[in-house]
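Asks: Take this structure first; my questions come after.
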Amino acid sequence: MAPSFTVPQRILHWLMAALILFNLIFSDAMETAGRLMFRGEALTPEQVSAANIHAYVGIAVLVLALIRLCLRFMQGVPPEPIQEPPFLRVVARIGHWAFYALFLAMPLAGIGAWYFGNTTAAFVHSGPMKLLMWALIVAHIGGALVHQFYWKTDVLKRMTSG
């Protein structure tokens, strides 16, 4: 196993992090457009454009997630640090695979909502999935900080400088 993530894996990680945070933080335009759309009201061209930015970023996340998943299977990942307790290794694996599930399911639900008018997909996308994504992000950052400052492992280095 490699001691750190490859350069393409690191680039994809940080690019996806930026795109996902962008869509989580700047989702107001899509939420407004979705509300209007589901009420049968007309959207202005500016509202459609702003909502499309959210949609295109989400589609980019979906494509990048598929590439990232392929790289994960082809190139592997570094081993878990031995300092991490076995139970938390399992929790970390579950968290990482939950991220991958959301990287795929969330954009697909968004596509179902925006392009096909599916209200259930819209609810799941902007409700439970969004909340779970935020929870995973907080846990992920927290776990990285625990590795860095408590267990003093090289986990952060493996995803930054290699």
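Going by the structure tokens order, chains are called A, B, ..., each with residues numbered from 1, while ligands are numbered from 1 in the order shown.
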Please list as a list of chain:residue names every residue within 8 Å of Arg68 of chain A, counting only C-alpha atoms and excluding residues in the same chain fewer than 4 positions away.

Replies: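 Surrounding residues, per the criterion: A:Gln9, A:Leu12, A:Leu64, A:Arg72.
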
Asks: Please identify all polymer residues within 12 Å of segment 141-147 of chain A, counting only C-alpha atoms, omitting same-chain residues fewer than 3 positions from it, and present them as an NGL selection string.

Replies: :A and (17 or 80-85 or 88-89 or 91-93 or 95-96 or 134-138 or 150-160)

Asks: Go through A:Leu43, A:Ile53, A:Ala60, A:Val7 and flag the residue nearest Ser27 of chain A, using only C-alpha atoms for the distances.

Replies: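 Under the stated criterion, the closest residue is A:Ile53.
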
Asks: If you count only C-alpha atoms, which residues fall within 8 Å of segment 121-130 of chain A, apart from same-chain ones fewer than 6 positions away, as JSON, numbers by chain?

Replies: {"A": [24, 102, 106, 107, 109, 110, 112, 113, 114]}

Asks: Out of A:Phe149, A:Phe5, A:Tyr56, A:Phe26, which residue has the shortest atom-to-atom distance to Leu108 of chain A when counting only C-alpha atoms?

Replies: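 Selected residue with least distance to Leu108 of chain A: A:Tyr56.
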
Asks: Excluding Glu46 of chain A and residues on its chain fewer than 6 positions from it, collect all residues at most 12 Å away from it, counting only C-alpha atoms, and give them as number ranges by chain.

Replies: A: 29-30, 32-33, 52-53

Asks: Just give me the gap between atom CA of Met1 of chain A and atom CA of Pro78 of chain A in Å, one decimal is fine.

Replies: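 Between atom CA of Met1 of chain A and atom CA of Pro78 of chain A the gap works out to 5.8 Å.
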
Asks: For the structure I just gave you, how does DSSP split chain A - specifically, which residues are alpha helix (DSSP H)? Reply as a count of residues only.

Replies: 123

Asks: Could you check the closest approach to Pro3 of chain A for each of A:Ala51, A:Val90, A:Val77, A:Ala139 and tell me which residue wins, using only C-alpha atoms?

Replies: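 Among the listed residues, A:Val77 lies closest to Pro3 of chain A.
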
Asks: What's the separation between atom CA of Phe73 of chain A and atom CA of His54 of chain A, in Å to one decimal place?

Replies: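 Separation of atom CA of Phe73 of chain A and atom CA of His54 of chain A: 28.7 Å.
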
Asks: As an exercise, work out the distance from atom CA of Ala50 of chain A to atom CA of Gly34 of chain A in Å and give it to one decimal place.

Replies: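 It comes out at 11.4 Å.
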